[in-house]
Amino acid sequence: MASWLGGLGSGLGQSLGQVGGSLSSLTGQISSFTKDILLEGAEEVGDAATELHASNSRLREIESINAAQKSENERLKKVCSDLEEKHEAAELQIKQLSVEYRNQLQQKEVEISHLKARQNALQEQLQKLQTAAQSAQLGSGVSQPATMSASFVPVVRHSSGFEGDDMDFGDIIWSQQEINRLSNEVSRLESEIDHWKQIAQSSKVQGTNDAEQSEICKLQNVIKELKRNLSREIDEHQHELSVLQDAHRQKLVEISRRHREELSEYEERIEELENQLQQDGVSTDAMIDSKISEQKKNAQNLEGRKAEDLQIIKNLEDEIRKLNQKLSSAKEENKILLKEQELLKVEKIQITQEYESLKSDFSVLQSSVAEQDALLKEQEKSQSKTLLPEDVVNLQQALLEAEREIARLSSLNQADNPVHMAKDIQTSTLDLQVLKEENLKLRKEKEELEKELLNAQHKDENIISAYTEDQNSELKQLKQDLERKEHELNESIAERETLIAELEELDKQNQEATQHMITLKEKLSRQHIETDSVTKQLKFDIDVERKKVAKLEMEKMETIKELDSQKEKLSQCSYALNDLHISKQQLQDKVRNLEEQLKKAQDCNLHNKKEVRELQQRLKEKEEELSLSLSKLTENMKQESNHSSQDLILKEREIEIAKLQNKELENKRLNEDLEKSLSDLKTENGKLMEAFEELKQELNDAISEKNKVYLEKDTAVEALKLEKRHLETELNQTEKQLFEQAKKYEQTIEELSNARSMDTTALQLEHERLVKLNQEKDFKIAELKRSMEQMEVDHQETKEMLTTSLGGQKQLTELIKEKEEFIEKLKDQASQVKQELEEYMEVSKKQDILKQNLEDKDKSLAIMKEENNHLKEEIERFKDQQSRTTPVVEPKTLDIIIELESEVTQLKVIKNNLEEEIQVHKKTIEDQNQKTAQLQQSLQAQRKEIDESKIQCEQMNVTHERLSLEKDEEIKNLQKTIEQIKTQLHKERQVIQTYSTDLFQETKVQTLNGENGNEKHDLSKSEIERLVKGLKEREMEIKLLNEKNVSLSQQIDQLSKDEVGKLTRIIQEKDLEIQALSARVSSASYRQDVLGLQQQLQAYVMEREQVLAVLSEKTRENSQLKTEYHKIMDIVASKEAALVRLQEENQKLSNRFENSSQDMFRETIQNLSRIIREKDIEIDALSQKCQTLLTVLQASSTGTDNGSGGVNSNQFEELLQERDKLKQQVKKMEEWKQQVITTVQNMQHESAHLQEELQKLQAQISVESDSNSKLQVDYNGLIQSYEQNEKKLRSFSQELAQVQHTIGQLHNTKDLLLGKLDLVTPSVTMASIVSQPSVMHNSAPEVLNDESKILHKELEQLKKKLQEKDSTIRILQENNQRLSDSVATASEFERRSQEETDSEMRQIREKHDVLQKSLREKDILIKSKSDQLLSVSENLNNKENENELLKQAVTNLKERNLILEMDIRKLKEENEKIVARCREKETEFRALQETNMQFSMMLKEKEFESHSMKEKALALEKLLKEKEQGKTGELNQLLNEVKSMQDKAVTFQQERDQVMVALKQKQMESSALQSEMQHLHEKEQRLNQELERLRNHLIEMEDSYTREALAAEDRETKLRKKVSILEEKLVSSSTAVENASHQANLQVESLQEQLNLVSKQRDETVLQLAISQDQVKQYALSLTNLQMVLEQFQQEEKAMYSAELEKHQKETAEWKNKAENLEEKVVSLQENLEEANAALDAASRLTEQLDVKEEQIEELKKEGEIRREMLEDVQNKLMNLINSTEGKVDKLLMRNLFIGHFHTPKNKRHEVLRLMGSILGMKKEELDQLLSEDQRGVTRWVTGWLGGGTGSKSVPSTPLRPTHQTGFNSSFSELFVKFLETESCPSLPPPKLSVHDMKPLGATGTSKTSSAPGSSQIPDSGVSGISRRPDTNPFLAPRSAAVPLITPAPSSGHLLMKPISDALPTFTPLPVSPDASAGAVLKDLLKQ
């Protein structure tokens, strides 16, 4: 969202800028319009003065137009330069994209090559089968397999390269060259940018603030123009993109065509092969059949592969489309980057200085590296010719040391040099070394393969007849390997050529740089002496700055790393976005499926309920049966009184009932959980829908941009289709998952139902057991019957209560229906609002179209202006030509000028028309802006109302929660009674529940449907619709809550009233019963019973008090609930009133919106028309006044001539007053004009503010939508709590029923007691009757005694019965207490479980909220990171653009200098002309002043005359009064004369007015001329300032160049010093090497002979190679011949294959099915490919380096292979040498032994002789025999030694330790033993000759050069000289490194093969020849 809003903001900013420009142009046009009207009014006057005025005004207009055109010309030039720069940047981007495309194509080609390789392998298998068949049938088939193998070779030929090798290889090379060239240009341009920014900073220091301000202004203008041109550039880029896509398509077509051709070739080859098989195997029909079947299989495989290739091509096209989509996203990123351009400019200025220094250092380093490379190459060439292998090794080691020193110096230099440059160089060298090592390995592998080939060839020559089949297969494999290696070689050669080309380019650049440096040196050598003192200070400053540079470079590296990470994050974000899209759709599908599942679950629930009802009915039946059986048992067994067993049975039954109830509760909980999950899913769905709508907004933005780009439409559609397919596949997957989930849910439901059924079966079994038990037990069935009757009574009462509650629920449902109707009305209103919104959207679209038209008009205007400029330039050229050419040519030029002027006039007309159109469009835009402002105001009002409604809703929720909490307690009490009554009223309640649930579902479904429907609308519509929906949902929720509160309160009132009435009745009855009992129990004989009864009564009283207390609490709570309900009702009423107000306001607003736009438009038009009318009226008035003045003047002049009358001075004063009034009006007009301008500016500001507010509103709307979703969640929670409260209410009702039951039991006990009392009272009366006769008649005492006994017995029986009753009562009380305790525990348990579930739900919600917040934060982070990334990339692009701008700026400045000089000349000429015109105007003005003076004099005279005339008139009046009688005629004449005089006066006044107006005009003109003069002077000053600034700029540039040159010289000197030091070190090392080589030469001489032998062997191998190459050529010739033959066969047998092709087509259908399966795999691979592409983009630099290094690797591979051959030859020879010198002993050694024998005393000589014998390999017995013979044996030994010297030239390798040694004479023996011990135990084990176990040279040499070079390095040097050299130059791989000098056998211990001792001179690691005699070593040891 943030990125989208940012884009919207940028777009609004651009549009505002355009609006501002248009408004300014509008104000200018209005002013020009008023001027034109005034001028027209002036032109209507026909006098000379007015004509002069008109001509002056025209001149001014022309001048203003000229100035405007000049400014426009300059602006257009800037625009042109900017466009060129952008064009170049676009080309760069396109090239990068083309490189990426090519990489992808290469990958696809690699895949195709893999497929071809598979095809070849299959063909080889076919061939093997054929050869096997032929060998089986034909015994002597030597020639046939050979021919077959030869015939199959051309198939292998095609697998060597890519299909489009000819085309794409050249493209790759070209692209790499282009990339290198562009990178060089970029670096150069960056250096220039840095240079220019340094100059800018220096200029700032010098203090040219004015120039800086002008430059800033220019830059701001440039930025504006860039923004304008961005859209055009995007169009151009898209066009170029489409061109690229066409090119790619053509390439794909070509590739597919080639593929088809190759397939056809393969088919033809197969046909030829079949023909050959037919010719060869005519005799064997079975063979032919097998071959045909195999060939058919081949054809099938080929066609399958063809289909696969076609699919691959399709996939490539899909990828291209995806890349196009990425391109569009990249363009959007480009836009965002442009915003961040300005921010990075500040950072750029800081970085530039650092970068220049770094660049120069890097160039110097490069040059030094290049020189060193050249030197090394020269040394390699010279040394390879002259030096021997040992010398080469020494030189290499010296070079290594030199390179290390260079590295050390570079590390020291890192303070000056850039850190990252050094790192790059080091990494590149390391990479090169690694690549070289790999190259060597590959070459070794190739050599091995070649050797294997040779061996195979030898084997072929030896055993052709025996093993033809094996030979052919091996040959083919070897040939394939060879061809593969050759292919790799070709690639490496091509890459090498590209490297060479790049190196040549670098060399050219280096040469140019050096030439530039030389020229600078020549210039600077003159200034060097003067600037020595300055350079010292500068050096100090540079050192300080370099430290800063190092820090900044570190920061830069960090920023680069961050950039890379952000790029990766961006790619991840894009993937995450796609995943979100997919997951969103999946979730939507899941929601739908879950809704379906819910419906199914509800159906299942209904089914379960039905089953429960059936079970309950069965239970009832069973209970009836039980009661019957119990009644029978009571009849049978009244006497048995086993109370405890009956209680146990009752308890068990109660337990079972409790279990059933628990199970039902669990089922309910499951249902509730399902409902909760549904509500959660719905909330998630709502959130997902919001996210989906947000994503849709972004998609719509992208689509709107795509609509502009007409060329990309098709590609975008195809990409969308592909995405649709992907989404469909993903949808199918999600549907499958949901189906699985549904199955799981069904399984759980089935399990629950099974559990229920199991429970019912268990219950039935228990019932049977109970029946058996009850048959045995039979006590108190009558009591149970009574209790049943009371229960029925209670049931009836509860039924009545339920009927009342049902009535309340019905009322509720009616209310709900009313609310639904109200909701529908609201929906209708919402639809109306939607329609209005759609209309507004259409208006906005029209506005967009108008904007586009305006832009087109602007473009056409710009084109016209350019043409105008061109015409003006041509006019100027023609003028120059006119001035230069002869007068003969003048008429032609005049004609041209006339034509041009006519064209100019036409262009002006066109321009005026365009401007008028623009004005009209601008007016419409302003009107629409006003409309948007009004809309925003209405939105704000609605938003305020929504906020208020939200607050009220929250209050309602709080009150509702309080109510629910208070009702919870009541509900808990009622739950128990309801559960007991549940069995009878289950059906009724189910109906009500289903109805209510259906209602809830309907409302939810409606909301969901509304949300789904709204997805189809536009973005703005969807936002406003969300607001409306939120409002409606809020209202709905409020109404539903109110209704529920009302119904609940009613129910509670009814319940409380009923309960109170019943309880009061019960209490009254009990009071009456107590009174009766007290009356009855008055006798003293039964006081004990009475006491017991009183105690019971007290207990009852206590219970009653408790019940009353409970009742009072309930009533209190009821009253509180009523008050709260009344409050809620008031709130609801206020809400409804507010809603009504809102609706009315909405209607008003909608009406206003309809009318306001038209009203505003009309008002603006009316205002403009009114202004124009006022202007017209003023002009008319002025023109009239001018005419009157002229007439007055004329009349006055005629009057003076005639001498009759004058003008009054009062009239003149009136004229002056009128002039003042006119001035005031003019001032007012000016003020009004200023006000208009300010209002326009205010409008601009307001529009900007409004747009900002719009953005804020949109953000708020999104927030409100989130809050709406949250409120929906809360609402669902409230519904759930309400349902829970209902359940609690039911539980409370159950508890109440239980209380009533206990009361009933008490009633029963009371009745029992009353019955007992009744039994007691008749016995008492009987006793009294008996006693009376006993008193009366004492004669019968026996009878009395008998009766008294009987009474006593009866009393005792009654007492027993009473006790039994008491016990039963106690037991019942205990049971009651237990039941109440169990009920309390159950309720507490329920409460706890509910609390736990609530807490869990809260925790889950909190977690969910936290996760959502974290998700949002991550999204924000991702967006911010992506924005940062975009800004960084934009800054980079800006840097490049600035570079080019600065380049062009230099040229432009030079051109501008010339243009400005020309302009200055022209301006001077114009200035002179204007001065001349001014002088003329002044003369005219003076003349006018004189005429004015004359006029004033005339006026005075006229006034005098008028005064005299007035006096005469008075006199005449007097005369007339005197002569009234008889002189009327004279009077009439006089009156006529007076009238004529008055008319004349009027005419004079008019003339005077005209003169005054003319005077004013002249004054205005003079002031205008003065202002123009001032303006021209200011222009001259500005131009001079610019000239000075440019000069200063050039001077600064030169200074900066000089500074750079000085710095470069310093660096050169430093580097030369370093080079000299290095050369000295090289010289010293070379001297050391020479000394070492001199010492080694003596040893080398013996090796030279061996080397000659080695060279001979090498020549032989070369000859063998040549022979093998000739054979290869022969094979190639045979291949070509076979190809020709095969082509002929193809032409002949094409007809044969037409029938088979049809079969193949059928088989291709099958293959296509397989291909479709493979396509799915390809999709997954494509996803991997995309990830890999992302990684490839991140590692683009590495790939470039790798390309270079791969070429180097392959070069080194070749060298490595050559050296490997040499190594193997030398190793063989050395092995031969070792074998030859194994059993030989050195002469010197034996001579020393012989001399030693004579040196030893005679006592010890036999020990020496034994030593000698052991060395010569003699046995102990032979030695003993020889020694026993005394002197003869010795002489024989000596003579044998001296005579038979042929075999005694070497010492055996077996060491021997002497057995007998004494301390007396041990000089020889001890030393000899030590020598043998040291030599027998080697310091290092003999190295293995394998490539994997090789070690680097430098690994030991660096650490142990001084200590033990011989022991540590020589064994390694021979073997591992090739494999790894971390510090050697990769191009120097000398022969000696490859050839091992010492190759010890794995088991030999020869002295020559053992390491050299410390006695030898130590220097850099030096190999020793194997001929170095061990005798010399022994001599040295003996000397010591």
# chains A, B, ... in the order shown; residues from 1 in each chain; ligands from 1
$ residues_around --residues "Glu100 of chain A" --least-positions-apart "6" --cutoff "10 Å" --atoms "only C-alpha atoms" --output "ChimeraX atom specification"
/A:94,106,323,1733,1736-1737,1740
$ residues_around --residues "Gly807 of chain A" --least-positions-apart "2" --cutoff "12 Å" --atoms "only C-alpha atoms" --output "list in words"
Glu800, Met801, Leu802, Thr803, Thr804, Ser805, Gln809, Lys810, Gln811, Leu812, Thr813, Glu814, Glu988, Arg989, Ile992, Ser1047, Leu1048, Gln1050, Gln1051 and Gln1054 of chain A
$ residues_around --residues "Leu316 of chain A" --least-positions-apart "5" --cutoff "9 Å" --atoms "only C-alpha atoms" --output "mmCIF file with all heavy atoms, in the first residue's frame"
data_model
loop_
_atom_site.group_PDB
_atom_site.id
_atom_site.type_symbol
_atom_site.label_atom_id
_atom_site.label_comp_id
_atom_site.auth_asym_id
_atom_site.auth_seq_id
_atom_site.Cartn_x
_atom_site.Cartn_y
_atom_site.Cartn_z
ATOM 1 N N GLN A 104 19.308 -16.728 -20.349
ATOM 2 C CA GLN A 104 18.213 -17.702 -20.255
ATOM 3 C C GLN A 104 18.176 -18.596 -21.484
ATOM 4 O O GLN A 104 17.964 -19.808 -21.387
ATOM 5 C CB GLN A 104 16.876 -16.976 -20.090
ATOM 6 C CG GLN A 104 16.703 -16.420 -18.685
ATOM 7 C CD GLN A 104 15.330 -15.838 -18.452
ATOM 8 O OE1 GLN A 104 14.564 -15.711 -19.391
ATOM 9 N NE2 GLN A 104 15.034 -15.491 -17.236
ATOM 10 N N LEU A 105 18.367 -17.995 -22.684
ATOM 11 C CA LEU A 105 18.391 -18.783 -23.920
ATOM 12 C C LEU A 105 19.516 -19.819 -23.893
ATOM 13 O O LEU A 105 19.342 -20.968 -24.308
ATOM 14 C CB LEU A 105 18.574 -17.851 -25.126
ATOM 15 C CG LEU A 105 17.286 -17.225 -25.670
ATOM 16 C CD1 LEU A 105 17.627 -16.140 -26.666
ATOM 17 C CD2 LEU A 105 16.410 -18.263 -26.342
ATOM 18 N N LYS A 108 18.505 -22.713 -21.826
ATOM 19 C CA LYS A 108 17.569 -23.589 -22.558
ATOM 20 C C LYS A 108 18.307 -24.429 -23.598
ATOM 21 O O LYS A 108 17.996 -25.609 -23.807
ATOM 22 C CB LYS A 108 16.480 -22.742 -23.237
ATOM 23 C CG LYS A 108 15.590 -22.028 -22.267
ATOM 24 C CD LYS A 108 14.775 -23.000 -21.452
ATOM 25 C CE LYS A 108 14.180 -22.316 -20.255
ATOM 26 N NZ LYS A 108 13.544 -23.213 -19.340
ATOM 27 N N LEU A 252 13.561 -17.356 -31.358
ATOM 28 C CA LEU A 252 12.906 -18.611 -30.964
ATOM 29 C C LEU A 252 12.416 -19.381 -32.183
ATOM 30 O O LEU A 252 12.546 -20.605 -32.255
ATOM 31 C CB LEU A 252 11.733 -18.315 -30.041
ATOM 32 C CG LEU A 252 12.086 -17.976 -28.593
ATOM 33 C CD1 LEU A 252 10.879 -17.415 -27.892
ATOM 34 C CD2 LEU A 252 12.591 -19.198 -27.858
ATOM 35 N N GLN A 311 7.683 -27.993 -26.187
ATOM 36 C CA GLN A 311 7.256 -27.538 -24.868
ATOM 37 C C GLN A 311 8.291 -26.632 -24.239
ATOM 38 O O GLN A 311 7.963 -25.631 -23.599
ATOM 39 C CB GLN A 311 7.026 -28.748 -23.958
ATOM 40 C CG GLN A 311 5.721 -29.475 -24.274
ATOM 41 C CD GLN A 311 5.630 -30.806 -23.586
ATOM 42 O OE1 GLN A 311 6.512 -31.169 -22.832
ATOM 43 N NE2 GLN A 311 4.570 -31.527 -23.871
ATOM 44 N N ARG A 321 7.564 -13.724 -21.278
ATOM 45 C CA ARG A 321 6.427 -12.929 -20.803
ATOM 46 C C ARG A 321 6.621 -12.517 -19.353
ATOM 47 O O ARG A 321 6.355 -11.369 -18.984
ATOM 48 C CB ARG A 321 5.145 -13.761 -20.921
ATOM 49 C CG ARG A 321 4.662 -13.894 -22.360
ATOM 50 C CD ARG A 321 3.590 -14.951 -22.480
ATOM 51 N NE ARG A 321 3.397 -15.378 -23.868
ATOM 52 C CZ ARG A 321 2.867 -16.530 -24.233
ATOM 53 N NH1 ARG A 321 2.470 -17.399 -23.315
ATOM 54 N NH2 ARG A 321 2.704 -16.855 -25.506
#
$ residues_around --residues "Ile946 of chain A" --least-positions-apart "3" --cutoff "12 Å" --atoms "only C-alpha atoms" --output "NGL selection string"
:A and (939-943 or 949-953 or 1026-1035 or 1135 or 1138-1139 or 1142 or 1260-1261 or 1264-1265 or 1267-1268)
$ closest_atom_pairs --of "segment 1397-1507 of chain A" --to "segment 1582-1604 of chain A" --cutoff "10 Å" --atoms "only C-alpha atoms" --output "CSV"
residue,atom,partner,partner_atom,distance
A:Val1450,CA,A:Leu1594,CA,9.2
A:Leu1453,CA,A:Leu1590,CA,7.5
A:Lys1454,CA,A:Leu1590,CA,8.9
A:Arg1456,CA,A:Leu1587,CA,9.5
A:Asn1457,CA,A:Leu1587,CA,7.1
A:Leu1460,CA,A:Leu1583,CA,7.2
A:Glu1461,CA,A:Leu1587,CA,8.8
A:Asp1463,CA,A:Leu1583,CA,9.1
A:Ile1464,CA,A:Leu1583,CA,7.5
$ closest_residue --among "A:Lys610, A:Lys297, A:Lys922, A:Lys1510" --to "Leu122 of chain A" --atoms "only C-alpha atoms"
A:Lys297
$ residues_around --residues "segment 1280-1287 of chain A" --least-positions-apart "3" --cutoff "6 Å" --atoms "only C-alpha atoms" --output "list of chain:residue names"
A:Asp968, A:Gly1277, A:Arg1290
$ residues_around --residues "Lys1614 of chain A" --least-positions-apart "4" --cutoff "12 Å" --atoms "only C-alpha atoms" --output "PyMOL selection string"
chain A and resi 361+364-365+368+409+413+416+1607-1610+1618-1621
$ write_last_selection --atoms "C-alpha atoms" --output "PDB file, in the first residue's frame"
ATOM      1  CA  ASP A 361      45.156   5.037  -7.923  1.00  0.00           C
ATOM      2  CA  VAL A 364      48.050   3.461 -11.845  1.00  0.00           C
ATOM      3  CA  LEU A 365      47.768   0.026 -10.281  1.00  0.00           C
ATOM      4  CA  SER A 368      51.666  -1.423 -13.112  1.00  0.00           C
ATOM      5  CA  LEU A 409      53.363  -2.843  -0.806  1.00  0.00           C
ATOM      6  CA  ASN A 413      49.416   1.501  -0.038  1.00  0.00           C
ATOM      7  CA  ASP A 416      46.083   5.803  -0.261  1.00  0.00           C
ATOM      8  CA  ALA A1607      48.524  14.365  -7.857  1.00  0.00           C
ATOM      9  CA  ALA A1608      49.038  11.933 -10.738  1.00  0.00           C
ATOM     10  CA  GLU A1609      52.712  12.969 -11.025  1.00  0.00           C
ATOM     11  CA  ASP A1610      53.179  12.392  -7.301  1.00  0.00           C
ATOM     12  CA  LYS A1618      58.313   1.228  -5.676  1.00  0.00           C
ATOM     13  CA  VAL A1619      59.160  -0.274  -9.073  1.00  0.00           C
ATOM     14  CA  SER A1620      62.838   0.576  -8.620  1.00  0.00           C
ATOM     15  CA  ILE A1621      62.813  -1.084  -5.176  1.00  0.00           C
TER      16      ILE A1621
END
$ atom_distance --atom1 "atom CA of Asp470 of chain A" --atom2 "atom CA of Arg269 of chain A"
23.9 Å
$ closest_residue --among "A:Leu343, A:Leu1514, A:Val1557, A:Ala247" --to "Ala1181 of chain A" --atoms "only C-alpha atoms"
A:Val1557
$ closest_residue --among "A:Gln906, A:Met788, A:Leu826, A:Gln1674" --to "Val1140 of chain A" --atoms "only C-alpha atoms"
A:Leu826
$ atom_distance --atom1 "atom CA of Gly1760 of chain A" --atom2 "atom CA of Arg443 of chain A"
5.9 Å
